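Structure data (mmCIF, N, CA and C atoms) from entry-v1.cif:
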data_start
#
loop_
_atom_site.label_atom_id
_atom_site.label_comp_id
_atom_site.auth_asym_id
_atom_site.auth_seq_id
_atom_site.Cartn_x
_atom_site.Cartn_y
_atom_site.Cartn_z
N SER A 27 0.83 -1.17 0.00
CA SER A 27 0.00 0.00 0.00
C SER A 27 0.88 1.24 0.00
N LEU A 28 0.29 2.37 -0.31
CA LEU A 28 1.04 3.62 -0.31
C LEU A 28 1.53 3.99 1.09
N VAL A 29 0.74 3.66 2.09
CA VAL A 29 1.14 3.96 3.47
C VAL A 29 2.40 3.17 3.83
N ALA A 30 2.41 1.88 3.48
CA ALA A 30 3.58 1.05 3.77
C ALA A 30 4.82 1.56 3.04
N LEU A 31 4.64 2.00 1.80
CA LEU A 31 5.78 2.55 1.06
C LEU A 31 6.27 3.85 1.69
N TYR A 32 5.35 4.69 2.13
CA TYR A 32 5.71 5.94 2.79
C TYR A 32 6.50 5.66 4.07
N VAL A 33 6.01 4.73 4.89
CA VAL A 33 6.69 4.38 6.14
C VAL A 33 8.06 3.78 5.83
N ALA A 34 8.15 2.92 4.82
CA ALA A 34 9.44 2.33 4.45
C ALA A 34 10.42 3.41 4.00
N GLY A 35 9.94 4.38 3.25
CA GLY A 35 10.80 5.50 2.82
C GLY A 35 11.29 6.31 4.01
N LEU A 36 10.41 6.58 4.96
CA LEU A 36 10.80 7.31 6.16
C LEU A 36 11.82 6.53 6.99
N CYS A 37 11.63 5.23 7.06
CA CYS A 37 12.59 4.40 7.78
C CYS A 37 13.94 4.43 7.08
N GLY A 38 13.94 4.43 5.74
CA GLY A 38 15.20 4.54 5.00
C GLY A 38 15.91 5.84 5.32
N VAL A 39 15.17 6.92 5.42
CA VAL A 39 15.76 8.22 5.80
C VAL A 39 16.33 8.12 7.21
N ALA A 40 15.59 7.51 8.12
CA ALA A 40 16.05 7.37 9.51
C ALA A 40 17.31 6.52 9.58
N TYR A 41 17.37 5.43 8.80
CA TYR A 41 18.55 4.56 8.85
C TYR A 41 19.77 5.24 8.22
N GLY A 42 19.55 6.03 7.19
CA GLY A 42 20.65 6.81 6.62
C GLY A 42 21.16 7.82 7.63
N LEU A 43 20.24 8.46 8.33
CA LEU A 43 20.62 9.41 9.37
C LEU A 43 21.35 8.69 10.51
N ARG A 44 20.91 7.50 10.83
CA ARG A 44 21.58 6.70 11.86
C ARG A 44 23.03 6.41 11.47
N GLN A 45 23.27 6.12 10.19
CA GLN A 45 24.64 5.90 9.73
C GLN A 45 25.49 7.15 9.91
N ILE A 46 24.92 8.29 9.57
CA ILE A 46 25.65 9.56 9.72
C ILE A 46 25.97 9.80 11.20
N ILE A 47 24.99 9.59 12.06
CA ILE A 47 25.19 9.79 13.49
C ILE A 47 26.28 8.86 14.02
N GLU A 48 26.27 7.60 13.59
CA GLU A 48 27.29 6.64 14.04
C GLU A 48 28.67 7.05 13.53
N ALA A 49 28.76 7.54 12.30
CA ALA A 49 30.04 7.99 11.76
C ALA A 49 30.55 9.21 12.52
N GLN A 50 29.67 10.12 12.83
CA GLN A 50 30.07 11.30 13.59
C GLN A 50 30.54 10.91 14.99
N ASP A 51 29.86 9.95 15.59
CA ASP A 51 30.24 9.48 16.92
C ASP A 51 31.66 8.89 16.89
N LYS A 52 31.95 8.08 15.88
CA LYS A 52 33.28 7.49 15.73
C LYS A 52 34.35 8.55 15.51
N ALA A 53 33.98 9.66 14.90
CA ALA A 53 34.91 10.75 14.62
C ALA A 53 35.03 11.71 15.80
N GLY A 54 34.34 11.43 16.89
CA GLY A 54 34.43 12.27 18.07
C GLY A 54 33.44 13.42 18.12
N ALA A 55 32.41 13.36 17.29
CA ALA A 55 31.38 14.40 17.28
C ALA A 55 30.02 13.76 17.55
N PRO A 56 29.79 13.36 18.81
CA PRO A 56 28.55 12.64 19.12
C PRO A 56 27.31 13.52 18.97
N VAL A 57 26.21 12.86 18.65
CA VAL A 57 24.90 13.52 18.51
C VAL A 57 24.02 12.98 19.63
N ASP A 58 23.49 13.90 20.44
CA ASP A 58 22.63 13.50 21.55
C ASP A 58 21.16 13.50 21.16
N ARG A 59 20.80 14.40 20.24
CA ARG A 59 19.39 14.53 19.84
C ARG A 59 19.33 15.17 18.45
N ILE A 60 18.17 15.03 17.85
CA ILE A 60 17.93 15.55 16.50
C ILE A 60 16.87 16.64 16.62
N VAL A 61 17.09 17.75 15.94
CA VAL A 61 16.09 18.82 15.91
C VAL A 61 15.51 18.85 14.51
N ILE A 62 14.19 18.90 14.43
CA ILE A 62 13.52 18.83 13.13
C ILE A 62 12.50 19.97 13.02
N SER A 63 12.33 20.45 11.81
CA SER A 63 11.33 21.49 11.57
C SER A 63 10.96 21.50 10.10
N GLY A 64 9.80 22.03 9.82
CA GLY A 64 9.37 22.25 8.44
C GLY A 64 9.01 20.99 7.67
N GLY A 65 8.35 21.19 6.57
CA GLY A 65 7.99 20.11 5.65
C GLY A 65 7.32 18.95 6.33
N ALA A 66 7.68 17.74 5.89
CA ALA A 66 7.12 16.53 6.47
C ALA A 66 7.51 16.39 7.94
N GLY A 67 8.58 17.07 8.34
CA GLY A 67 9.03 17.04 9.73
C GLY A 67 8.05 17.64 10.71
N GLN A 68 6.98 18.21 10.22
CA GLN A 68 5.94 18.75 11.10
C GLN A 68 4.97 17.67 11.55
N LEU A 69 5.06 16.50 10.94
CA LEU A 69 4.13 15.41 11.26
C LEU A 69 4.64 14.56 12.42
N ASP A 70 3.76 14.25 13.36
CA ASP A 70 4.12 13.42 14.50
C ASP A 70 4.68 12.06 14.06
N LEU A 71 4.08 11.46 13.04
CA LEU A 71 4.53 10.16 12.55
C LEU A 71 5.98 10.23 12.09
N VAL A 72 6.33 11.25 11.35
CA VAL A 72 7.70 11.40 10.85
C VAL A 72 8.66 11.57 12.02
N ARG A 73 8.30 12.40 12.95
CA ARG A 73 9.16 12.65 14.11
C ARG A 73 9.39 11.37 14.91
N GLN A 74 8.32 10.61 15.13
CA GLN A 74 8.46 9.38 15.92
C GLN A 74 9.26 8.33 15.17
N LEU A 75 9.05 8.18 13.86
CA LEU A 75 9.82 7.21 13.09
C LEU A 75 11.30 7.56 13.06
N LEU A 76 11.62 8.85 12.99
CA LEU A 76 13.03 9.26 13.03
C LEU A 76 13.64 8.94 14.40
N ALA A 77 12.88 9.18 15.46
CA ALA A 77 13.37 8.85 16.80
C ALA A 77 13.59 7.34 16.94
N ASP A 78 12.61 6.57 16.50
CA ASP A 78 12.71 5.11 16.61
C ASP A 78 13.82 4.55 15.72
N GLY A 79 13.92 5.05 14.50
CA GLY A 79 14.91 4.53 13.55
C GLY A 79 16.34 4.90 13.87
N THR A 80 16.54 6.05 14.51
CA THR A 80 17.89 6.48 14.85
C THR A 80 18.27 6.13 16.28
N GLY A 81 17.27 5.92 17.12
CA GLY A 81 17.53 5.67 18.53
C GLY A 81 17.86 6.95 19.30
N LYS A 82 17.58 8.10 18.70
CA LYS A 82 17.87 9.39 19.33
C LYS A 82 16.57 10.17 19.51
N PRO A 83 16.46 10.95 20.57
CA PRO A 83 15.29 11.81 20.73
C PRO A 83 15.22 12.84 19.61
N VAL A 84 14.01 13.13 19.18
CA VAL A 84 13.78 14.15 18.15
C VAL A 84 13.03 15.31 18.80
N LEU A 85 13.58 16.49 18.64
CA LEU A 85 12.95 17.70 19.18
C LEU A 85 12.32 18.48 18.05
N ALA A 86 11.10 18.91 18.26
CA ALA A 86 10.40 19.76 17.29
C ALA A 86 10.58 21.21 17.72
N SER A 87 10.89 22.05 16.77
CA SER A 87 11.11 23.47 17.06
C SER A 87 9.79 24.17 17.36
N GLU A 88 9.85 25.09 18.32
CA GLU A 88 8.68 25.90 18.64
C GLU A 88 8.44 26.95 17.55
N ALA A 89 9.50 27.33 16.85
CA ALA A 89 9.41 28.38 15.84
C ALA A 89 8.59 27.93 14.64
N ALA A 90 7.65 28.77 14.24
CA ALA A 90 6.85 28.47 13.05
C ALA A 90 7.69 28.59 11.79
N GLU A 91 8.67 29.47 11.81
CA GLU A 91 9.57 29.69 10.66
C GLU A 91 11.01 29.56 11.14
N PRO A 92 11.51 28.32 11.29
CA PRO A 92 12.85 28.13 11.86
C PRO A 92 13.98 28.71 11.00
N VAL A 93 13.79 28.78 9.69
CA VAL A 93 14.82 29.38 8.85
C VAL A 93 14.95 30.87 9.16
N LEU A 94 13.83 31.53 9.32
CA LEU A 94 13.86 32.95 9.70
C LEU A 94 14.45 33.13 11.10
N LEU A 95 14.15 32.22 12.00
CA LEU A 95 14.73 32.28 13.33
C LEU A 95 16.25 32.16 13.24
N GLY A 96 16.73 31.25 12.40
CA GLY A 96 18.18 31.10 12.21
C GLY A 96 18.82 32.39 11.73
N SER A 97 18.14 33.06 10.81
CA SER A 97 18.64 34.36 10.33
C SER A 97 18.66 35.39 11.44
N ALA A 98 17.63 35.39 12.27
CA ALA A 98 17.58 36.32 13.39
C ALA A 98 18.69 36.03 14.39
N ILE A 99 18.96 34.76 14.62
CA ILE A 99 20.04 34.38 15.53
C ILE A 99 21.38 34.88 14.99
N LEU A 100 21.62 34.65 13.70
CA LEU A 100 22.86 35.15 13.09
C LEU A 100 22.96 36.66 13.20
N GLY A 101 21.86 37.34 12.95
CA GLY A 101 21.84 38.80 13.06
C GLY A 101 22.13 39.28 14.46
N ALA A 102 21.57 38.60 15.45
CA ALA A 102 21.78 38.98 16.85
C ALA A 102 23.24 38.80 17.25
N VAL A 103 23.87 37.75 16.77
CA VAL A 103 25.29 37.53 17.06
C VAL A 103 26.12 38.59 16.35
N ALA A 104 25.80 38.85 15.08
CA ALA A 104 26.54 39.86 14.31
C ALA A 104 26.41 41.25 14.93
N ALA A 105 25.25 41.53 15.52
CA ALA A 105 25.02 42.84 16.14
C ALA A 105 25.65 42.95 17.53
N GLY A 106 26.17 41.83 18.04
CA GLY A 106 26.80 41.85 19.35
C GLY A 106 25.84 41.66 20.50
N THR A 107 24.59 41.33 20.22
CA THR A 107 23.61 41.10 21.28
C THR A 107 23.98 39.88 22.11
N PHE A 108 24.58 38.90 21.45
CA PHE A 108 25.04 37.68 22.12
C PHE A 108 26.50 37.45 21.77
N ALA A 109 27.22 36.82 22.69
CA ALA A 109 28.66 36.58 22.48
C ALA A 109 28.93 35.51 21.44
N GLY A 110 28.01 34.59 21.26
CA GLY A 110 28.23 33.51 20.31
C GLY A 110 26.93 32.83 19.92
N MET A 111 27.07 31.90 18.96
CA MET A 111 25.90 31.20 18.45
C MET A 111 25.19 30.37 19.53
N GLY A 112 25.96 29.68 20.34
CA GLY A 112 25.35 28.84 21.38
C GLY A 112 24.50 29.64 22.33
N GLN A 113 25.01 30.79 22.74
CA GLN A 113 24.27 31.65 23.66
C GLN A 113 23.00 32.18 22.99
N ALA A 114 23.12 32.61 21.74
CA ALA A 114 21.97 33.13 21.01
C ALA A 114 20.92 32.05 20.78
N MET A 115 21.37 30.87 20.40
CA MET A 115 20.42 29.78 20.16
C MET A 115 19.67 29.42 21.44
N ALA A 116 20.39 29.37 22.56
CA ALA A 116 19.75 29.03 23.83
C ALA A 116 18.72 30.07 24.24
N ALA A 117 19.01 31.32 23.95
CA ALA A 117 18.10 32.40 24.35
C ALA A 117 16.92 32.56 23.41
N MET A 118 17.12 32.26 22.13
CA MET A 118 16.10 32.60 21.13
C MET A 118 15.28 31.42 20.61
N SER A 119 15.66 30.21 20.94
CA SER A 119 14.90 29.07 20.41
C SER A 119 14.55 28.10 21.53
N ARG A 120 13.43 27.41 21.34
CA ARG A 120 12.96 26.44 22.31
C ARG A 120 12.29 25.28 21.58
N PRO A 121 12.41 24.08 22.15
CA PRO A 121 11.67 22.96 21.56
C PRO A 121 10.20 23.02 21.95
N ALA A 122 9.35 22.60 21.04
CA ALA A 122 7.92 22.55 21.32
C ALA A 122 7.52 21.19 21.87
N ALA A 123 8.21 20.15 21.40
CA ALA A 123 7.88 18.78 21.82
C ALA A 123 9.11 17.90 21.62
N GLU A 124 9.17 16.83 22.40
CA GLU A 124 10.24 15.85 22.27
C GLU A 124 9.64 14.48 22.00
N TYR A 125 10.22 13.79 21.04
CA TYR A 125 9.78 12.45 20.66
C TYR A 125 10.89 11.48 21.03
N ALA A 126 10.66 10.70 22.09
CA ALA A 126 11.67 9.76 22.56
C ALA A 126 11.58 8.46 21.77
N PRO A 127 12.72 7.82 21.53
CA PRO A 127 12.65 6.51 20.85
C PRO A 127 11.84 5.52 21.68
N ASP A 128 11.04 4.73 21.01
CA ASP A 128 10.22 3.71 21.66
C ASP A 128 11.09 2.47 21.86
N ALA A 129 11.41 2.15 23.10
CA ALA A 129 12.30 1.02 23.40
C ALA A 129 11.73 -0.30 22.89
N THR A 130 10.41 -0.43 22.83
CA THR A 130 9.83 -1.69 22.35
C THR A 130 9.99 -1.84 20.84
N ALA A 131 10.22 -0.74 20.14
CA ALA A 131 10.42 -0.80 18.68
C ALA A 131 11.88 -1.02 18.32
N ARG A 132 12.78 -0.92 19.28
CA ARG A 132 14.23 -1.01 19.00
C ARG A 132 14.64 -2.29 18.29
N PRO A 133 14.19 -3.48 18.74
CA PRO A 133 14.62 -4.71 18.05
C PRO A 133 14.20 -4.74 16.58
N VAL A 134 13.02 -4.25 16.29
CA VAL A 134 12.54 -4.23 14.89
C VAL A 134 13.42 -3.30 14.06
N HIS A 135 13.71 -2.11 14.59
CA HIS A 135 14.52 -1.15 13.84
C HIS A 135 15.98 -1.61 13.73
N ASP A 136 16.49 -2.28 14.75
CA ASP A 136 17.85 -2.81 14.65
C ASP A 136 17.93 -3.86 13.53
N ALA A 137 16.93 -4.73 13.45
CA ALA A 137 16.91 -5.75 12.39
C ALA A 137 16.77 -5.11 11.02
N ARG A 138 15.91 -4.13 10.90
CA ARG A 138 15.72 -3.45 9.62
C ARG A 138 16.97 -2.65 9.23
N PHE A 139 17.64 -2.06 10.22
CA PHE A 139 18.87 -1.32 9.95
C PHE A 139 19.95 -2.26 9.43
N ALA A 140 20.04 -3.44 10.02
CA ALA A 140 21.01 -4.44 9.55
C ALA A 140 20.70 -4.83 8.10
N ALA A 141 19.43 -5.01 7.78
CA ALA A 141 19.04 -5.32 6.40
C ALA A 141 19.36 -4.16 5.47
N PHE A 142 19.13 -2.95 5.93
CA PHE A 142 19.45 -1.73 5.17
C PHE A 142 20.93 -1.70 4.81
N GLN A 143 21.78 -2.01 5.80
CA GLN A 143 23.22 -2.01 5.55
C GLN A 143 23.62 -3.12 4.58
N LYS A 144 22.99 -4.28 4.68
CA LYS A 144 23.29 -5.38 3.76
C LYS A 144 22.88 -5.03 2.33
N LEU A 145 21.75 -4.37 2.18
CA LEU A 145 21.31 -3.94 0.85
C LEU A 145 22.27 -2.91 0.26
N GLN A 146 22.75 -2.00 1.09
CA GLN A 146 23.73 -1.02 0.64
C GLN A 146 25.01 -1.70 0.16
N ALA A 147 25.47 -2.68 0.94
CA ALA A 147 26.69 -3.41 0.58
C ALA A 147 26.48 -4.19 -0.71
N ALA A 148 25.33 -4.80 -0.87
CA ALA A 148 25.05 -5.55 -2.10
C ALA A 148 25.01 -4.62 -3.31
N LEU A 149 24.45 -3.44 -3.16
CA LEU A 149 24.43 -2.48 -4.25
C LEU A 149 25.84 -2.03 -4.59
N LYS A 150 26.64 -1.78 -3.59
CA LYS A 150 28.03 -1.36 -3.82
C LYS A 150 28.80 -2.46 -4.56
N ASN A 151 28.61 -3.71 -4.14
CA ASN A 151 29.27 -4.84 -4.81
C ASN A 151 28.81 -4.97 -6.26
N ALA A 152 27.52 -4.77 -6.50
CA ALA A 152 26.98 -4.88 -7.86
C ALA A 152 27.55 -3.78 -8.75
N ARG A 153 27.73 -2.59 -8.20
CA ARG A 153 28.27 -1.49 -8.98
C ARG A 153 29.74 -1.71 -9.31
N ASN A 154 30.45 -2.38 -8.41
CA ASN A 154 31.88 -2.62 -8.63
C ASN A 154 32.17 -3.87 -9.46
N ALA A 155 31.12 -4.62 -9.79
CA ALA A 155 31.31 -5.87 -10.57
C ALA A 155 31.52 -5.57 -12.03
#

Final structure tokens representation of the file:
Amino acid sequence: SLVALYVAGLCGVAYGLRQIIEAQDKAGAPVDRIVISGGAGQLDLVRQLLADGTGKPVLASEAAEPVLLGSAILGAVAAGTFAGMGQAMAAMSRPAAEYAPDATARPVHDARFAAFQKLQAALKNARNA
């Protein structure tokens, strides 16, 4: 069904993001949480699937226009209102909701992630043949 294909596509996005997070962690740049805004990221289903598929909490931005907020943050730092980006971000932005990974879904997502990685490896092998 179209719903199953949509969910499978979202899981693929989550597993790709999980690979990026794992690579960053190995490089010494750990990710504690994911912040999402705009587009399909406004949907509860998308937020929860990303949390479940990555194993990381997903925070939804309170800002209705997060891109404009980012510009305002940059402007505030440039104007000297804040000493740095971290200070400006803490003062000017807030999460609206947090989506925690569902521990009961972890085994399913771990198995699907393993299959995702095997499919990637098979595609790479096929391209190199």

Picked residues, the PyMOL selection byres (((chain A and resi 76 and name CA) around 10) and name CA), expected as JSON, numbers by chain: {"A": [36, 37, 38, 39, 40, 41, 43, 44, 60, 62, 67, 70, 71, 72, 73, 74, 75, 77, 78, 79, 80, 81, 82, 83, 84, 125, 126, 127]}

DSSP-assigned strand (DSSP E) among stretch 36-134 of chain A, expressed as a PyMOL selection string: chain A and resi 60-62+84-87+121-125

Produce a file of the selected residues containing N, CA and C atoms, as a short mmCIF file (atom, residue, chain, number, x, y, z; two decimals), in the frame of the given file.
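Full text of part.cif as output:
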data_model
loop_
_atom_site.label_atom_id
_atom_site.label_comp_id
_atom_site.auth_asym_id
_atom_site.auth_seq_id
_atom_site.Cartn_x
_atom_site.Cartn_y
_atom_site.Cartn_z
N ILE A 60 18.17 15.03 17.85
CA ILE A 60 17.93 15.55 16.50
C ILE A 60 16.87 16.64 16.62
N VAL A 61 17.09 17.75 15.94
CA VAL A 61 16.09 18.82 15.91
C VAL A 61 15.51 18.85 14.51
N ILE A 62 14.19 18.90 14.43
CA ILE A 62 13.52 18.83 13.13
C ILE A 62 12.50 19.97 13.02
N VAL A 84 14.01 13.13 19.18
CA VAL A 84 13.78 14.15 18.15
C VAL A 84 13.03 15.31 18.80
N LEU A 85 13.58 16.49 18.64
CA LEU A 85 12.95 17.70 19.18
C LEU A 85 12.32 18.48 18.05
N ALA A 86 11.10 18.91 18.26
CA ALA A 86 10.40 19.76 17.29
C ALA A 86 10.58 21.21 17.72
N SER A 87 10.89 22.05 16.77
CA SER A 87 11.11 23.47 17.06
C SER A 87 9.79 24.17 17.36
N PRO A 121 12.41 24.08 22.15
CA PRO A 121 11.67 22.96 21.56
C PRO A 121 10.20 23.02 21.95
N ALA A 122 9.35 22.60 21.04
CA ALA A 122 7.92 22.55 21.32
C ALA A 122 7.52 21.19 21.87
N ALA A 123 8.21 20.15 21.40
CA ALA A 123 7.88 18.78 21.82
C ALA A 123 9.11 17.90 21.62
N GLU A 124 9.17 16.83 22.40
CA GLU A 124 10.24 15.85 22.27
C GLU A 124 9.64 14.48 22.00
N TYR A 125 10.22 13.79 21.04
CA TYR A 125 9.78 12.45 20.66
C TYR A 125 10.89 11.48 21.03
#

Near-stretch 97-101 of chain A list (9 Å; only C-alpha atoms; drop same-chain fewer than 4 positions) as a VMD selection string: chain A and resid 92 to 93 105 to 108 111 114 to 115 118 to 119

The PyMOL selection byres (((chain A and resi 122 and name CA) around 6) and name CA) applied to the shown file, residues as JSON, numbers by chain: {"A": [86, 87, 88, 121, 123]}

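Atom pair atom CA of A:Ser63 / atom N of A:Leu94 has a distance of 10.6 Å (rounded to one decimal).
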
Chain A: residues DSSP assigns to helix (DSSP H, G or I), reported as number ranges by chain: A: 28-52, 65-68, 70-80, 92-104, 111-118, 129-154
